[in-house]
Amino acid sequence: MSTTPKADEKAQVPEPRTPEAAAVPAVDPRLLVRERGIKGYADEFKRKIRSGEIGSLPVVVGLIVIGVVFQALTGNFITSYNLDQITLYAAGPGIMAVGIVFVLLLGEIDLAVGSVAGLAGSVWGVLATDMPDSLAILLGILSGTLLGAFHGLVFAKIGVPAFVVTLAGFLGWAGLQTWVMGEKSTIPTPIGSFVGDLTKYYFSDVAAAYGLAVVVVAAFYLAQLRDSSRRRAAELPHRPQSEILLRTGLLAVLVLVAAYGFNQEKGLPLSLVIFLVILLVTDFVLRRTTYGRQVFAVGGGIEAARRAGINVAWIRISVFMISGTLGAVGGLFLASATGGADRSLGGGNQLMMCIAAAVIGGTSLFGGRGKVWSALLGILVLQSIVQGLNQLNLESNAIQYMITGAVLLIAVIIDSVSRKTQKSAGRA
Amino acid sequence: MSTTPKADEKAQVPEPRTPEAAAVPAVDPRLLVRERGIKGYADEFKRKIRSGEIGSLPVVVGLIVIGVVFQALTGNFITSYNLDQITLYAAGPGIMAVGIVFVLLLGEIDLAVGSVAGLAGSVWGVLATDMPDSLAILLGILSGTLLGAFHGLVFAKIGVPAFVVTLAGFLGWAGLQTWVMGEKSTIPTPIGSFVGDLTKYYFSDVAAAYGLAVVVVAAFYLAQLRDSSRRRAAELPHRPQSEILLRTGLLAVLVLVAAYGFNQEKGLPLSLVIFLVILLVTDFVLRRTTYGRQVFAVGGGIEAARRAGINVAWIRISVFMISGTLGAVGGLFLASATGGADRSLGGGNQLMMCIAAAVIGGTSLFGGRGKVWSALLGILVLQSIVQGLNQLNLESNAIQYMITGAVLLIAVIIDSVSRKTQKSAGRA
Amino acid sequence: MSQTPVLALRGIFKRFGAVQVLSGVDLEVHAGEVVALVGDNGAGKSTLVKTIAGVHPIDEGVIEWEGRPVSVSRPQDSQHLGVATVYQDLALCDNLDVVANLFLGRELKKGGVLDEVAMEKRAKDLLSTLSIRIPSVRIPVAALSGGQRQVVAIARALVGDPKIVILDEPTAALGVEQTAQVLDLVERLREQGLGVILISHNMADVKAVADTVAVLRLGRNNGTFPVATTTHEEIIAAITGATDNAVTRRKARTAEAAQ
Amino acid sequence: MSQTPVLALRGIFKRFGAVQVLSGVDLEVHAGEVVALVGDNGAGKSTLVKTIAGVHPIDEGVIEWEGRPVSVSRPQDSQHLGVATVYQDLALCDNLDVVANLFLGRELKKGGVLDEVAMEKRAKDLLSTLSIRIPSVRIPVAALSGGQRQVVAIARALVGDPKIVILDEPTAALGVEQTAQVLDLVERLREQGLGVILISHNMADVKAVADTVAVLRLGRNNGTFPVATTTHEEIIAAITGATDNAVTRRKARTAEAAQ
Amino acid sequence: GQAGGGDSEEKGSSTKIGLLLPENKTARYESLDKPQFEKAVKAACGDCEVVYNNAVADVVKQKQQFDQLIADGVKVVALDPVDSAKAAGWVKEAQGKGVKVVAYDRAIEGADAYVSHDNNKVGELQGQALLAALGDKAATAQIVMINGDEKDPNAGLFKKGAHTALDGKVGKVAYEASGEWDPKVAGEKMAAAISSVGKDKIGAVYSANDGMAGGIITSLENAGIKGIPVGGQDAEVAGIQRIVAGTQTFTIYKSPLQLAPEAAKFAVNLLQGKDLGAQGETDGVKSTLFAPVVVDKTNIQSTVVKDGIYAAADICSADLAAKCAELGIK
Ligand SMILES: Nc1ncnc2c1ncn2[C@@H]1O[C@H](COP(=O)(O)OP(=O)(O)OP(=O)(O)O)[C@@H](O)[C@H]1O
Ligand SMILES: Nc1ncnc2c1ncn2[C@@H]1O[C@H](COP(=O)(O)OP(=O)(O)OP(=O)(O)O)[C@@H](O)[C@H]1O
Ligand SMILES: [Mg+2]
Ligand SMILES: [Mg+2]
């Protein structure tokens with residue numbers, strides 16, 4: 001076990017006077033441990049299913065069910081074209097949903113994310129006509145950061161509930177967006193702008209998708225291996241080799257199939273790469289840094305976090321800044337996907353969809369529990385439904401709304417039922 | 001002190017063995033008590049302002065400020081016509097906001113209330129063409145109750161977060177509304193329908209408004225007097241006569257001015273009478289019945305409420321039924337105000353406005369704290385802003401949106417700042 | 001003491017996720033008997049009383065009430081049988097005031113309407129019996145001190161008409177005077193023929209009021225002792241599972257130092 | 001014992017709404033001294049330590065640190081001075097696991113990244129010092145028993161390098177063995193020259209480890225006693241404000257019955 | 001081409017025509033345009049199939065629907081865009097893949113064909129009709145204008161057209177605001193207008209459509225204002241009923257009976273590579289523009305009833321029967 005010496009010093013604890021006093025094992029003998037071998041895994045899996053500790057499994061199952069049902073209904077739902085389309089349209093709201101996950105982890109909500117996306121899109125659109133592209137993009141994204149900072153400040157420093165601040169933002173920024181757009185109702189993406197590429201550029205070389213897939217799998221494997229060996233060295237419970245291999249294998253299959261799918265069509269979409277990078281970075285921040293730990297702490301109990309010396313106000317402000325920034329990035333994706341900034345960009349059901357994505361993916365609305373990956377899973381579910389319903393050519397769109405509502409509900413019911421078992425098993 | 005003998009029996013407690021043991025007074029000598037006379041009031045008022053225990057005062061002040069500002073800007077804002085118009089448009093969303101207050105008291109949210117209102121309006125509209133008016137109205141309202149029961153069941157029994165259930169409802173019922181409306185985009189209110197009267201009927205006799213005002217004031221006075229004398233009889237702290245007279249006086253001024261205003265125009269609006277009746281009934285239910293107590297308890301802590309033997313699931317379901325029912329009633333008011341059911345009824349910002357009204361009025365988003373009167377105060381603030389801004393005749397709605405956002409924020413900032421003082425004084 | 005116990009647990013099992021908290025626990029409480037339930041931290045005492053109170057359903061085993069097996073799956077079930085429980089974590093509604101908390105679920109009514117005056121008066125009486133000073137019975141319990149909250153929770157159990165009272169570490173946060181009052185109260189309850197389950201880590205208190213001591217260790221029974229004939233040391237040995245433990249070591253050391 | 005106290009409170013006033021909780025309270029803690037702060041329920045003990053810990057700002061009065069007046073308005077201020085506090089209500093983050101709670105605000109890092117392995121190992125060591133069994137250090141603290149949570153909170157105070165440790169009823173929920181370990185711990189802290197403020201209702205514990213007893217009554221000082229020369233009864237009389245109180249009455253009664 | 005591997009030529013299907021409509025809050029799209037279009041396509045090309053979708057006023061959604069059609073190998077799309085400016089980009093993209101686009105009802109730059117009621121013209125007609133209704137009072141009348149949603153590009157065209165007709169010819173536009181296509185918002189705006197202009201000073205009200213006119217008229221009735229001209233658009237049944245009842249003065253009728261068959265004709269011709277048969281050209285796009293018709297008391301029978309959009313029974317409810325008879329609606 002190696003730590004930085006400084007931290008080591010800080011964590012000093014007086015040695016017990018009587019060495020025998022430390023004889024009591026810290027681990028409870030009643031903890032059921034997994035038996036060795038396959039049977040152990042099977043037993044544990046059964047127990048986990050029964051007690052509901054199944055993580056993202058319900059959503060993944062839901063996704064598969066959606067795929068199968070639409071395939072049965074339309075006959076051509078599971079195609080590489082659809083995979084491509086779903087990814088393309090999922091990226092924007094998905095990135096916004098990542099920001100929402102941060103806010104939800106605090107137990108708060110950001111109702112302004114759609115309007116922020118719209119405003120950022122307009123800012124970029126207006127500036128892009130008389131500025132270098134990159135500067136316009138930067139300013140567009142910064143405008144989102146700024147709005148987020150504003151929400152955060154009013155919330156953290158003045159104490160207005162986040163719901164109300166962002167509700168005011170939802171109204172106010174949408175107004176500002178119309179005002180920024182001025183006379184124009186739409187500003188088409190300038191030719192050659194990077195924003196256009198966001199959803200149009202593909203790494204068409206077959207090697208790109210496969211290469212990325214291999215790198216991801218390898219990185220995953222090595223990280224797991226390293227962690228496991230460090231834990232073994234420190235005599236802590238660790239994952240056995242076999243389990244690491246199994247997990248890596250599953251991931252590899254998934255990732256390679258996706259890569260194959262993309263290569264069948266136009267190659268690896270840039271939008272996916274950006275979305276994945278954002279997911280990886282935010283996941284790292286939340287799980288492996290002090291900052292992330294503090295976000296969870298504030299979400300779990302403000303008073304406890306405050307007494308632990310965490311600067312609660314700063315955590316709140318920064319989280320809203322992250323949400324604003326990612327909202328703005330999402331806004332550029334939305335603009336890219338439809339061919340430019342417009343007055344209604346980010347409006348409509350966009351907001352509800354982002355929040356729904358985060359929640360469907362399993363992030364709690366009450367703070368302190370969730371992962372950024374839920375944004376990915378949730379938006380895939382929602383976007384698959386949209387795509388599938390569009391393909392069904394329903395007589396009336398009224399029915400489409402109803403079906404979206406129903407599917408949304410069913411997806412979460414599956415999740416809730418499993419979590420209910422979990423709750424009654426004392427782990428929620 | 002008189003209680004029902006049965007309850008009396010249940011509350012038996014073993015008598016202390018040593019009578020002297022009961023000698024310690026249950027009241028802490030450190031509690032600051034008000035001095036007698038005017039000075040006592042002034043001191044207490046100052047202390048309350050300083051420590052933020054000022055109830056609805058900030059909202060009332062906000063309302064006055066709004067009135068004065070718009071009067072200065074437009075020159076004819078404080079008119080009896082505007083009073084009448086604000087009341088008329090406030091009734092529908094205000095009634096919906098009362099339902100939202102119930103849901104917020106549980107610490108939950110109902111995003112479907114706008115769609116429920118819209119659907120109920122359409123149900124009534126479609127049925128009213130070939131059914132007796134009263135039956136159509138009844139079925140319209142019942143449809144709201146039913147939808148609310150559905151939300152409540154899925155939430156309480158399956159454990160899907162209310163946010164998600166009602167989000168699904170928000171989408172689904174809006175779709176259903178379009179489907180129910182069928183070929184028509186608007187169904188005008190049939191001539192002679194009671195729904196038309198909801199916002200068109202006035203008790204034009206001058207005596208009606210003044211009479212109601214007097215009855216309300218008298219009832220308030222008697223209720224306060226009775227409570228105070230019962231408390232005195234039981235040797236509990238009670239309000240002195242002088243304070244009761246002061247409060248009654250304030251109420252009387254307010255109510256009589258309003259009555260005068262209405263009488264200048266068309267008389268006492270039926271919509272106001274219905275809204276007030278709903279407020280009084282729901283306020284009674286929340287503050288004076290076991291059911292209301294249980295709603296607060298569930299909002300304050302589900303586990304504690306459950307362990308106290310409260311049927312949490314039933315409380316949840318019934319609260320969503322109330323919200324659905326009041327949403328439907330609100331929907332009929334909306335239909336009445338716009339001249340009939342239409343496809344966009346209850347859509348747009350309706351939902352956000354209802355929630356904002358409840359919150360601005362001072363009901364907590366986190367459950368367990370609030371009053372139905374906050375729906376009245378909040379919707380008056382919002383509808384005054386809408387009316388005032390509309391009157392300003394701003395070219396673009398963009399600016400109007402921004403101003404609405406800003407005013408909403410300012411209104412709540414005033415409230416939050418005062419509550420923050422309260423929090424640091426340990427009472428939040 | 002009656003022959004059939006009012007409450008009997010037979011072979012109770014309870015598991016949370018990967019932790020087998022209770023394994024075949026038995027317990028009997030007779031009318032007019034004070035049973036002290038003791039055990040190390042994490043032994044499963046609170047979990048056991050929560051299963052009786054209907055907070056968690058049991059996995060396996062039988063709960064018998066006056067000789068008949070009953071099913072207790074919700075707190076209401078347990079309350080209807082006549083069990084009043086004071087939880088270790090108190091389980092008060094922070095937003096409600098003292099009066100509302102005391103009468104929650106058993107409000108006094110007059111003509112269908114809450115009788116606030118009667119409840120407030122009764123609340124004051126109840127609290128003075130327990131020697132506690134509270135600034136006002138109309139402030140939310142969130143503003144109370146630890147001990148004040150605990151007294152409110154104890155007083156809650158006395159509203160109503162229970163046959164068994166379960167007290168999970170009732171005196172943990174109490175001052176010396178309030179502790180004495182609660183011990184007095186336990187004795188009064190016994191005299192009135194109620195069964196009492198008292199969980200406590202304070203052996204002095206246990207020896208003072210209990211008739212029987214049931215020891216739980218790592219989720220299993222580890223002996224039931226009549227208080228009258230058992231020493232302090234025997235009980236502690238049963239709790240810690242060893243005669244050589246931190247307590248005896250500390251005692252030995254302190255004694256040494258004193259010499 | 002040094003001459004200037006490490007921490008001194010002079011004339012502290014604190015009011016919550018209509019309740020004047022503290023009125024001119026003084027307190028001194030020297031290096032290597034264990035001060036027991038005792039008082040009736042609601043006397044204001046927790047409020048007092050919360051003002052030191054920066055949870056509530058004081059209304060009036062002075063906090064001196066090593067002789068200099070300091071302003072403590074946030075928990076960070078207090079921590080930076082070197083005060084570690086174990087709160088009566090524990091103040092743990094329910095959603096985080098034991099390890100994360102222990103190191104919250106003072107995470108061990110390696111190259112800027114959380115060093116989970118080092119933290120987990122250290123956590124296990126810390127907890128076994130305090131003789132507690134916990135199913136796994138990776139379960140959320142919400143799933144722990146009352147005593148287990150309390151031990152986690154105590155262990156939290158030992159991570160870091162405090163000069164003053166404040167323990168607000170640290171042994172309230174602890175078993176006999178764990179209580180003994182905590183008392184041992186307090187003695188070790190004193191030996192290492194730290195100042196300790198110990199709030200407890202258990203006079204036996206107070207007499208065992210404290211050097212000085214400060215009594216708070218209804219938000220005012222009610223005497224400071226050196227432990228060595230003061231009897232149990234004197235302290236209790238100071239706490240309850242009367243020599244005839246529920247405790248003495250109970251004792252008299254029990255003695256009578258025993259005869 | 002399930003796997004999407006084949007090139008677009010193979011995927012092409014010569015029998016599918018796409019129809020994308022923008023929203024469903026107005027009933028006409030799903031109750032009139034869509035069936036009429038389908039009927040006309042069937043008539044012109046027996047084995048053709050119409051693939052329909054509605055964007056519910058969401059641009060993103062419409063783009064997805066558009067892409068979906070192309071992916072499914074549809075070669076001709078009749079597109080009524082939520083946002084015309086954006087749709088221009090999509091059209092360019094689609095044309096690169098050999099897909100042809102008929103701009104339906106709303107102009108799209110660079111489309112292959114365009115069928116519409118000229119939206120600018122609609123606004124002008126509304127203004128003219130209002131002037132006509134005011135008669136010689138026009139010169140001094142104070143007008144209230146409640147426009148459509150600013151976010152809807154078409155609302156801007158209506159507004160512009162109306163101003164062209166009204167500006168300079170009426171006393172003044174005393175109050176102008178957006179009603180957001182929402183009857184409730186429009187009603188609230190009207191109430192504010194009454195308050196700021198004065199009850200007896202309003203000469204006429206311009207409402208961009210019939211839906212909002214419903215809310216506006218309710219507000220007017222509430223304030224006791226009767227007999228001033230109020231005009232709308234869309235010839236909704238509720239609007240026609242108000243015209244019969246005398247509370248609304250006129251509406252604009254844009255017959256889907258003309259629009260849909262013409263668009264269907266264009267689509268089939270594009271599909272089969274035949275000559276379009278367009279009547280003219282607008283901004284370089286071959287187009288047919290129909291003149292919208294003002295419907296008032298006098299011509300209900302000869303327009304909407306004759307065209308079979310509504311049966312007399314749809315309009316003449318019990319309480320309107322007498323008035324219907326008076327106007328000769330049957
Ligand atoms: N936030 C608050 N608002 C109002 N009153 C409060 C608040 N916090 C504490 N009090 C009051 O202050 C008094 C002192 O409380 P405190 O928690 O300091 O007592 P304590 O001495 O720690 O008691 P215990 O031994 O029961 O823990 C109590 O009467 C309590 O009701
Ligand atoms: N909801 C839960 N999920 C998982 N484990 C739990 C849960 N509740 C309790 N446990 C575990 O069960 C064991 C027993 O807990 P319990 O609260 O019954 O102990 P206890 O005997 O009351 O201890 P204490 O004296 O500290 O209060 C502990 O190890 C605890 O970690
Ligand atoms: Mg316990
Ligand atoms: Mg305390």
# chains A, B, ... in the order shown; residues from 1 in each chain; ligands from 1

$ select_by_dssp --residues "region 209-309 of chain E" --states "alpha helix (DSSP H)" --output "PyMOL selection string"
chain E and resi 210-222+237-245+256-272

$ residues_near_ligand --ligand "ligand 2" --cutoff "7 Å" --atoms "only C-alpha atoms and all ligand atoms" --output "PyMOL selection string"
(chain A and resi 28+425-427) or (chain C and resi 16-17+19+21+39-48) or (chain D and resi 134-135+143-148+173-175)

$ closest_residue --among "D:Trp65, D:Phe103, D:Phe13, D:Tyr87" --to "ligand 4" --atoms "only C-alpha atoms and all ligand atoms"
D:Tyr87

$ atom_distance --atom1 "CA of Gly368 (chain A)" --atom2 "CA of Asp110 (chain A)"
15.7 Å

$ select_by_dssp --residues "region 24-220 of chain C" --states "strand (DSSP E or B)" --output "number ranges by chain"
C: 24-29, 34-39, 60-65, 68-70, 83-86, 97, 109-110, 113-114, 134, 140, 164-168, 195-199, 212-217, 220

$ residues_around --residues "Ala142 (chain C)" --least-positions-apart "3" --cutoff "9 Å" --atoms "only C-alpha atoms" --output "list in words"
Arg427 of chain B; Leu92, Cys93, Asp94, Asn95, Leu96, Asp97, Ile139, Ser145 and Arg149 of chain C

$ write_last_selection --atoms "all heavy atoms" --output "PDB file, in the first residue's frame"
ATOM      1  N   ARG B 427     -35.344  28.293  12.924  1.00  0.00           N
ATOM      2  CA  ARG B 427     -36.749  27.924  12.880  1.00  0.00           C
ATOM      3  C   ARG B 427     -37.205  27.361  11.548  1.00  0.00           C
ATOM      4  O   ARG B 427     -38.388  27.193  11.344  1.00  0.00           O
ATOM      5  CB  ARG B 427     -37.597  29.158  13.198  1.00  0.00           C
ATOM      6  CG  ARG B 427     -37.692  29.484  14.656  1.00  0.00           C
ATOM      7  CD  ARG B 427     -38.413  28.384  15.412  1.00  0.00           C
ATOM      8  NE  ARG B 427     -38.573  28.733  16.806  1.00  0.00           N
ATOM      9  CZ  ARG B 427     -39.667  29.270  17.314  1.00  0.00           C
ATOM     10  NH1 ARG B 427     -40.687  29.520  16.545  1.00  0.00           N
ATOM     11  NH2 ARG B 427     -39.729  29.543  18.575  1.00  0.00           N
TER      12      ARG B 427
ATOM     13  N   LEU C  92     -39.613  10.417  14.764  1.00  0.00           N
ATOM     14  CA  LEU C  92     -40.550  11.536  14.918  1.00  0.00           C
ATOM     15  C   LEU C  92     -40.643  12.281  13.589  1.00  0.00           C
ATOM     16  O   LEU C  92     -39.726  12.218  12.776  1.00  0.00           O
ATOM     17  CB  LEU C  92     -40.058  12.488  16.006  1.00  0.00           C
ATOM     18  CG  LEU C  92     -39.889  11.891  17.399  1.00  0.00           C
ATOM     19  CD1 LEU C  92     -39.227  12.876  18.341  1.00  0.00           C
ATOM     20  CD2 LEU C  92     -41.233  11.447  17.961  1.00  0.00           C
ATOM     21  N   CYS C  93     -41.757  12.972  13.384  1.00  0.00           N
ATOM     22  CA  CYS C  93     -41.879  13.806  12.182  1.00  0.00           C
ATOM     23  C   CYS C  93     -41.316  15.185  12.494  1.00  0.00           C
ATOM     24  O   CYS C  93     -41.948  15.968  13.216  1.00  0.00           O
ATOM     25  CB  CYS C  93     -43.338  13.942  11.756  1.00  0.00           C
ATOM     26  SG  CYS C  93     -43.960  12.474  10.973  1.00  0.00           S
ATOM     27  N   ASP C  94     -40.160  15.490  11.934  1.00  0.00           N
ATOM     28  CA  ASP C  94     -39.434  16.711  12.283  1.00  0.00           C
ATOM     29  C   ASP C  94     -40.223  17.992  12.062  1.00  0.00           C
ATOM     30  O   ASP C  94     -39.986  18.988  12.722  1.00  0.00           O
ATOM     31  CB  ASP C  94     -38.150  16.805  11.446  1.00  0.00           C
ATOM     32  CG  ASP C  94     -37.019  16.066  12.128  1.00  0.00           C
ATOM     33  OD1 ASP C  94     -37.215  15.606  13.261  1.00  0.00           O
ATOM     34  OD2 ASP C  94     -35.945  15.954  11.516  1.00  0.00           O
ATOM     35  N   ASN C  95     -41.126  17.960  11.068  1.00  0.00           N
ATOM     36  CA  ASN C  95     -41.824  19.207  10.743  1.00  0.00           C
ATOM     37  C   ASN C  95     -43.016  19.470  11.660  1.00  0.00           C
ATOM     38  O   ASN C  95     -43.525  20.577  11.697  1.00  0.00           O
ATOM     39  CB  ASN C  95     -42.282  19.195   9.286  1.00  0.00           C
ATOM     40  CG  ASN C  95     -43.255  18.071   9.013  1.00  0.00           C
ATOM     41  OD1 ASN C  95     -43.161  16.993   9.593  1.00  0.00           O
ATOM     42  ND2 ASN C  95     -44.214  18.309   8.153  1.00  0.00           N
ATOM     43  N   LEU C  96     -43.464  18.436  12.366  1.00  0.00           N
ATOM     44  CA  LEU C  96     -44.641  18.617  13.229  1.00  0.00           C
ATOM     45  C   LEU C  96     -44.205  19.062  14.618  1.00  0.00           C
ATOM     46  O   LEU C  96     -43.088  18.771  15.056  1.00  0.00           O
ATOM     47  CB  LEU C  96     -45.430  17.312  13.322  1.00  0.00           C
ATOM     48  CG  LEU C  96     -46.015  16.793  12.012  1.00  0.00           C
ATOM     49  CD1 LEU C  96     -46.823  15.526  12.266  1.00  0.00           C
ATOM     50  CD2 LEU C  96     -46.892  17.846  11.359  1.00  0.00           C
ATOM     51  N   ASP C  97     -45.108  19.729  15.326  1.00  0.00           N
ATOM     52  CA  ASP C  97     -44.746  20.182  16.657  1.00  0.00           C
ATOM     53  C   ASP C  97     -44.873  19.035  17.654  1.00  0.00           C
ATOM     54  O   ASP C  97     -45.259  17.916  17.310  1.00  0.00           O
ATOM     55  CB  ASP C  97     -45.550  21.423  17.055  1.00  0.00           C
ATOM     56  CG  ASP C  97     -47.043  21.157  17.110  1.00  0.00           C
ATOM     57  OD1 ASP C  97     -47.425  19.994  17.327  1.00  0.00           O
ATOM     58  OD2 ASP C  97     -47.817  22.098  16.935  1.00  0.00           O
ATOM     59  N   ILE C 139     -43.404  24.068  19.236  1.00  0.00           N
ATOM     60  CA  ILE C 139     -42.319  24.205  18.267  1.00  0.00           C
ATOM     61  C   ILE C 139     -42.053  22.850  17.612  1.00  0.00           C
ATOM     62  O   ILE C 139     -42.295  21.799  18.207  1.00  0.00           O
ATOM     63  CB  ILE C 139     -41.013  24.798  18.873  1.00  0.00           C
ATOM     64  CG1 ILE C 139     -40.371  23.875  19.902  1.00  0.00           C
ATOM     65  CG2 ILE C 139     -41.259  26.163  19.480  1.00  0.00           C
ATOM     66  CD1 ILE C 139     -39.005  24.381  20.355  1.00  0.00           C
ATOM     67  N   SER C 145     -33.668  19.446  21.727  1.00  0.00           N
ATOM     68  CA  SER C 145     -32.389  18.799  22.027  1.00  0.00           C
ATOM     69  C   SER C 145     -32.568  17.283  21.961  1.00  0.00           C
ATOM     70  O   SER C 145     -33.692  16.775  21.969  1.00  0.00           O
ATOM     71  CB  SER C 145     -31.912  19.202  23.413  1.00  0.00           C
ATOM     72  OG  SER C 145     -32.517  18.387  24.394  1.00  0.00           O
ATOM     73  N   ARG C 149     -36.135  15.237  22.500  1.00  0.00           N
ATOM     74  CA  ARG C 149     -36.734  14.398  21.459  1.00  0.00           C
ATOM     75  C   ARG C 149     -37.001  12.997  21.999  1.00  0.00           C
ATOM     76  O   ARG C 149     -38.053  12.412  21.746  1.00  0.00           O
ATOM     77  CB  ARG C 149     -35.804  14.289  20.250  1.00  0.00           C
ATOM     78  CG  ARG C 149     -35.646  15.566  19.463  1.00  0.00           C
ATOM     79  CD  ARG C 149     -34.529  15.425  18.445  1.00  0.00           C
ATOM     80  NE  ARG C 149     -34.807  14.368  17.482  1.00  0.00           N
ATOM     81  CZ  ARG C 149     -35.451  14.557  16.342  1.00  0.00           C
ATOM     82  NH1 ARG C 149     -35.828  15.764  16.004  1.00  0.00           N
ATOM     83  NH2 ARG C 149     -35.699  13.560  15.537  1.00  0.00           N
TER      84      ARG C 149
END

$ closest_residue --among "C:Gln181, C:Asn202, C:Thr129, C:Ser78" --to "chain B" --atoms "only C-alpha atoms"
C:Thr129

$ residues_around --residues "region 203-206 of chain A" --least-positions-apart "2" --cutoff "7 Å" --atoms "only C-alpha atoms" --output "list in words"
Tyr201, Ala208, Ala209, Tyr210, Asn263, Lys266, Gly267, Leu268, Pro269 and Leu270 of chain A

$ residues_around --residues "Thr85 (chain C)" --least-positions-apart "6" --cutoff "10 Å" --atoms "only C-alpha atoms" --output "PyMOL selection string"
(chain B and resi 307-308) or (chain C and resi 49-50+52-53+75+78-79+153-154+156-158+162+164-168+196-197)

$ residues_around --residues "Gln68 (chain E)" --least-positions-apart "3" --cutoff "10 Å" --atoms "only C-alpha atoms" --output "list in words"
Tyr81, Asn82, Gln85, Gln387, Asn390 and Gln391 of chain A; Gln62, Lys63, Gln64, Gln65, Ala71, Asp72, Gly73 and Val74 of chain E

$ closest_atom_pairs --of "chain A" --to "chain E" --cutoff "9 Å" --atoms "only C-alpha atoms" --output "CSV"
residue,atom,partner,partner_atom,distance
A:Gly75,CA,E:Gln2,CA,8.8
A:Asn76,CA,E:Gln2,CA,6.2
A:Phe77,CA,E:Gln2,CA,8.8
A:Ile78,CA,E:Ala3,CA,8.5
A:Thr79,CA,E:Ala3,CA,5.3
A:Ser80,CA,E:Ala3,CA,5.9
A:Tyr81,CA,E:Gly4,CA,5.8
A:Asn82,CA,E:Gln68,CA,8.7
A:Gln85,CA,E:Gln64,CA,8.1
A:Tyr89,CA,E:Gln64,CA,8.1
A:Thr178,CA,E:Lys151,CA,7.5
A:Lys184,CA,E:Pro153,CA,8.7
A:Ser185,CA,E:Pro153,CA,6.0
A:Thr186,CA,E:Ala85,CA,6.0
A:Ile187,CA,E:Ala85,CA,7.7
A:Pro188,CA,E:Lys86,CA,6.2
A:Thr189,CA,E:Gly89,CA,8.8
A:Gly261,CA,E:Ala3,CA,8.7
A:Gln264,CA,E:Gly5,CA,6.1
A:Glu265,CA,E:Gly4,CA,6.4
A:Leu334,CA,E:Val60,CA,7.5
A:Ala335,CA,E:Val60,CA,8.9
A:Ala337,CA,E:Val60,CA,7.3
A:Thr338,CA,E:Val60,CA,5.9
A:Gly339,CA,E:Lys86,CA,5.8
A:Gly340,CA,E:Lys86,CA,6.6
A:Ala341,CA,E:Lys86,CA,8.6
A:Asp342,CA,E:Lys86,CA,8.3
A:Arg343,CA,E:Lys151,CA,5.5
A:Ser344,CA,E:Lys151,CA,5.9
A:Leu345,CA,E:Val59,CA,8.0
A:Gly347,CA,E:Asp58,CA,8.4
A:Gly348,CA,E:Asp58,CA,6.8
A:Asn349,CA,E:Asp58,CA,8.5
A:Val386,CA,E:Lys61,CA,8.4
A:Gln387,CA,E:Gln64,CA,7.7
A:Asn390,CA,E:Gln65,CA,6.2
A:Gln391,CA,E:Gln68,CA,7.0
A:Asn393,CA,E:Tyr52,CA,6.0
A:Leu394,CA,E:Asn53,CA,7.3
A:Glu395,CA,E:Tyr52,CA,7.6
A:Ser396,CA,E:Glu30,CA,7.1
A:Asn397,CA,E:Asn54,CA,6.1
A:Ala398,CA,E:Asn24,CA,7.9

$ interface_residues --of "chain A" --to "chain B" --cutoff "6 Å" --atoms "only C-alpha atoms" --output "ChimeraX atom specification"
/A:159-160,168,171-172,175,178-179,398,401-402,405,409,413,416
